[in-house]
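Coordinates as given in coords.pdb (PDB, C-alpha atoms):
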```pdb
ATOM      1  CA  GLN A   1     -17.694  24.684   7.073
ATOM      2  CA  VAL A   2     -17.777  21.089   8.213
ATOM      3  CA  GLN A   3     -14.464  19.448   8.951
ATOM      4  CA  LEU A   4     -13.591  15.975  10.153
ATOM      5  CA  VAL A   5      -9.920  15.580  10.986
ATOM      6  CA  GLU A   6      -8.455  12.182  11.797
ATOM      7  CA  SER A   7      -5.258  11.671  13.744
ATOM      8  CA  GLY A   8      -3.383   8.915  15.527
ATOM      9  CA  GLY A   9      -2.358   6.731  12.640
ATOM     10  CA  GLY A  10       1.118   5.314  12.264
ATOM     11  CA  LEU A  11       3.279   2.237  12.052
ATOM     12  CA  VAL A  12       2.788  -0.526  14.605
ATOM     13  CA  GLN A  13       3.860  -4.145  14.912
ATOM     14  CA  ALA A  14       1.349  -6.942  14.683
ATOM     15  CA  GLY A  15      -0.339  -7.471  18.009
ATOM     16  CA  GLY A  16       0.041  -3.830  18.943
ATOM     17  CA  SER A  17      -2.513  -1.099  19.495
ATOM     18  CA  LEU A  18      -3.384   2.310  18.125
ATOM     19  CA  ARG A  19      -6.036   4.843  18.989
ATOM     20  CA  LEU A  20      -7.426   6.993  16.228
ATOM     21  CA  SER A  21      -9.259  10.236  16.866
ATOM     22  CA  CYS A  22     -11.593  12.208  14.648
ATOM     23  CA  ALA A  23     -12.269  15.798  15.631
ATOM     24  CA  ALA A  24     -15.366  17.374  14.141
ATOM     25  CA  SER A  25     -16.155  21.031  13.632
ATOM     26  CA  GLY A  26     -18.826  23.033  11.862
ATOM     27  CA  LEU A  27     -21.642  20.623  12.605
ATOM     28  CA  GLY A  28     -23.951  19.723  15.458
ATOM     29  CA  PHE A  29     -21.859  16.744  16.459
ATOM     30  CA  SER A  30     -24.371  15.291  18.887
ATOM     31  CA  SER A  31     -26.875  14.986  16.019
ATOM     32  CA  TYR A  32     -24.538  12.843  13.986
ATOM     33  CA  LEU A  33     -24.107   9.122  13.813
ATOM     34  CA  MET A  34     -20.386   8.539  13.318
ATOM     35  CA  ALA A  35     -18.533   5.722  11.638
ATOM     36  CA  TRP A  36     -15.095   4.535  10.669
ATOM     37  CA  PHE A  37     -14.220   3.124   7.285
ATOM     38  CA  ARG A  38     -10.942   1.936   5.854
ATOM     39  CA  GLN A  39      -9.407   1.415   2.441
ATOM     40  CA  ALA A  40      -6.497  -0.892   1.813
ATOM     41  CA  PRO A  41      -4.342  -0.581  -1.333
ATOM     42  CA  GLY A  42      -6.158  -1.959  -4.333
ATOM     43  CA  LYS A  43      -9.366  -2.551  -2.402
ATOM     44  CA  GLU A  44     -12.653  -0.764  -2.006
ATOM     45  CA  ARG A  45     -13.398   1.292   1.062
ATOM     46  CA  GLU A  46     -15.088  -0.821   3.720
ATOM     47  CA  PHE A  47     -17.094  -0.212   6.859
ATOM     48  CA  VAL A  48     -15.230  -0.782  10.120
ATOM     49  CA  GLY A  49     -17.743   0.280  12.744
ATOM     50  CA  GLY A  50     -20.195   2.938  13.812
ATOM     51  CA  ILE A  51     -21.662   4.584  16.890
ATOM     52  CA  THR A  52     -25.005   6.238  17.479
ATOM     53  CA  TRP A  53     -25.286   9.917  18.333
ATOM     54  CA  ASN A  54     -25.552   9.228  22.058
ATOM     55  CA  GLY A  55     -22.886   6.533  22.162
ATOM     56  CA  ARG A  56     -25.287   3.916  23.463
ATOM     57  CA  SER A  57     -25.044   1.611  20.496
ATOM     58  CA  THR A  58     -22.174   0.445  18.356
ATOM     59  CA  TYR A  59     -21.859  -1.930  15.434
ATOM     60  CA  TYR A  60     -18.735  -3.509  13.975
ATOM     61  CA  ALA A  61     -17.631  -5.367  10.928
ATOM     62  CA  GLU A  62     -16.979  -9.026  11.649
ATOM     63  CA  SER A  63     -13.315  -8.614  10.761
ATOM     64  CA  VAL A  64     -12.703  -6.236  13.673
ATOM     65  CA  LYS A  65     -15.283  -7.347  16.215
ATOM     66  CA  GLY A  66     -13.684  -7.995  19.597
ATOM     67  CA  ARG A  67     -10.512  -6.107  18.655
ATOM     68  CA  PHE A  68     -11.715  -2.592  17.828
ATOM     69  CA  THR A  69     -13.835  -0.286  19.980
ATOM     70  CA  ILE A  70     -15.545   2.929  18.939
ATOM     71  CA  SER A  71     -16.393   5.625  21.451
ATOM     72  CA  ARG A  72     -17.291   9.295  21.352
ATOM     73  CA  ASP A  73     -17.122  12.371  23.507
ATOM     74  CA  ASN A  74     -19.830  14.797  22.436
ATOM     75  CA  ALA A  75     -18.430  17.494  24.706
ATOM     76  CA  LYS A  76     -15.201  17.363  22.696
ATOM     77  CA  ASN A  77     -16.839  16.747  19.307
ATOM     78  CA  THR A  78     -14.583  13.744  18.901
ATOM     79  CA  VAL A  79     -15.014  10.100  17.988
ATOM     80  CA  TYR A  80     -12.371   7.484  18.704
ATOM     81  CA  LEU A  81     -11.342   4.126  17.314
ATOM     82  CA  GLN A  82      -9.333   1.991  19.707
ATOM     83  CA  MET A  83      -7.608  -0.755  17.762
ATOM     84  CA  ASN A  84      -6.074  -3.679  19.634
ATOM     85  CA  SER A  85      -4.467  -6.926  18.508
ATOM     86  CA  LEU A  86      -3.678  -5.362  15.173
ATOM     87  CA  LYS A  87      -2.961  -7.580  12.201
ATOM     88  CA  PRO A  88      -1.125  -6.850   8.943
ATOM     89  CA  GLU A  89      -4.464  -7.065   7.135
ATOM     90  CA  ASP A  90      -5.642  -4.048   9.143
ATOM     91  CA  THR A  91      -3.210  -1.919   7.148
ATOM     92  CA  ALA A  92      -5.247   0.768   5.407
ATOM     93  CA  VAL A  93      -6.163   4.415   5.317
ATOM     94  CA  TYR A  94      -8.797   4.956   7.991
ATOM     95  CA  TYR A  95     -11.557   7.498   7.492
ATOM     96  CA  CYS A  96     -14.174   8.832   9.827
ATOM     97  CA  ALA A  97     -17.576   9.751   8.476
ATOM     98  CA  GLY A  98     -20.669  11.465   9.818
ATOM     99  CA  ARG A  99     -24.342  11.095   9.070
ATOM    100  CA  ARG A 100     -26.918  13.519  10.383
ATOM    101  CA  VAL A 101     -29.787  11.681  12.005
ATOM    102  CA  VAL A 102     -33.093  12.672  13.527
ATOM    103  CA  GLY A 103     -34.377  10.347  16.200
ATOM    104  CA  VAL A 104     -33.544   6.667  16.155
ATOM    105  CA  ALA A 105     -31.390   5.569  13.248
ATOM    106  CA  ALA A 106     -29.628   2.343  12.467
ATOM    107  CA  ILE A 107     -25.878   2.352  11.922
ATOM    108  CA  ALA A 108     -25.551   2.158   8.169
ATOM    109  CA  THR A 109     -22.629   0.286   6.677
ATOM    110  CA  GLY A 110     -22.751   1.729   3.175
ATOM    111  CA  GLU A 111     -20.565   4.741   2.537
ATOM    112  CA  ASN A 112     -23.278   6.423   0.497
ATOM    113  CA  ASN A 113     -25.245   6.903   3.710
ATOM    114  CA  TYR A 114     -22.708   9.360   5.137
ATOM    115  CA  ASP A 115     -22.707  13.084   4.585
ATOM    116  CA  TYR A 116     -19.218  14.127   5.628
ATOM    117  CA  TRP A 117     -15.782  12.523   5.496
ATOM    118  CA  GLY A 118     -12.355  13.155   6.883
ATOM    119  CA  GLN A 119      -9.171  13.088   4.832
ATOM    120  CA  GLY A 120      -7.987   9.804   6.316
ATOM    121  CA  THR A 121      -5.054   8.640   8.394
ATOM    122  CA  GLN A 122      -2.664   5.856   7.446
ATOM    123  CA  VAL A 123      -2.360   2.793   9.650
ATOM    124  CA  THR A 124       0.396   0.329   8.804
ATOM    125  CA  VAL A 125       0.772  -2.942  10.688
ATOM    126  CA  SER A 126       4.039  -4.783  10.179
ATOM    127  CA  SER A 127       4.356  -8.536  10.577
TER     128      SER A 127
END
```
Show me this structure written as structure tokens.
Amino acid sequence: QVQLVESGGGLVQAGGSLRLSCAASGLGFSSYLMAWFRQAPGKEREFVGGITWNGRSTYYAESVKGRFTISRDNAKNTVYLQMNSLKPEDTAVYYCAGRRVVGVAAIATGENNYDYWGQGTQVTVSS
């Protein structure tokens, strides 16, 4: 069965960095567009960023642009989210999600566009 497992979350001070990983199994990873979402307490889940199946294109939410970087290693079936210059407002549960694509596909920002989800990893940024 398909599994997406996030890791790397934790507690960090404002201005610090974290690197999240999402290991995928049970799917043809290189056929999947991958994305990161997050959900803060009392808020709806929001798109953070995404990466195409070949890693050549990425797209980020304005709130994280210039601070967060998504990458992937198809040989390891893993997608990463490098988070720098973290702010308290980045505190949330972070989820990775996968969407099977055929050919060229835009990076969708709506969660309904994604087929599979991880269980999430907590990121807490203290001020």
Practice prompt. Would you mind telling me which residue in A:Ala24, A:Val125, A:Leu11, A:Met34 lies nearest to Asp90 of chain A when using only C-alpha atoms?
Written response: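 Of A:Ala24, A:Val125, A:Leu11, A:Met34, the one nearest Asp90 of chain A is A:Val125, counting only C-alpha atoms.
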Discussion item. Taking (-16.1, 4.3, 6.8) as a centre in this file's frame and 6 Å as the limit, can you find every polymer residue with an atom that close, using all atoms listed in the file, and give them as a PyMOL selection string?
Written reply: chain A and resi 35-38+47+95-97
Item to complete: Could you give me, as a PyMOL selection string, the residues within 8 Å of Gln82 of chain A, counting only C-alpha atoms and dropping anything in the same chain fewer than 2 positions from it?
Response: chain A and resi 17-20+68-70+80+84
Practice prompt. Just the residues within 12 Å of Thr91 of chain A, please, counting all atoms listed in the file, with nothing from its chain fewer than 6 positions along; format it as an NGL selection string.
Written response: :A and (9-14 or 18 or 38-43 or 83 or 121-127)
Practice prompt. Could you give me, as a VMD selection string, the residues that sit within 8 Å of (-22.0, 0.4, 17.6) in the file's coordinates, counting only C-alpha atoms?
Written response: chain A and resid 49 to 52 55 to 60 70 107
Item to complete: Identify, on the basis of all atoms listed in the file, every residue whose closest approach to Asn74 of chain A does not exceed 12 Å; exclude the query and any residue fewer than 2 positions from it along the same chain; express the result as a list of chain:residue names.
Response: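 The neighbour list is A:Cys22, A:Ala23, A:Ala24, A:Ser25, A:Leu27, A:Gly28, A:Phe29, A:Ser30, A:Ser31, A:Tyr32, A:Leu33, A:Met34, A:Ile51, A:Thr52, A:Trp53, A:Asn54, A:Gly55, A:Ser71, A:Arg72, A:Lys76, A:Asn77, A:Thr78, A:Val79, A:Tyr80.
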Practice prompt. Could you jot down the atom CA of Ala61 of chain A to atom CA of Gln3 of chain A separation for me, Å, one decimal place?
Written response: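 Result for atom CA of Ala61 of chain A versus atom CA of Gln3 of chain A: 25.1 Å, one decimal.
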Practice prompt. Grab the atom CA of Gln1 of chain A to atom CA of Tyr116 of chain A distance for me, in Å with one decimal place.
Written response: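 Atom-to-atom, atom CA of Gln1 of chain A and atom CA of Tyr116 of chain A are spaced 10.8 Å apart.
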Item to complete: Determine the nearest neighbour of Trp117 of chain A from the options A:Glu46, A:Gly98, A:Val104, A:Ser7, counting only C-alpha atoms.
Response: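 Among the listed residues, the smallest separation from Trp117 of chain A belongs to A:Gly98.
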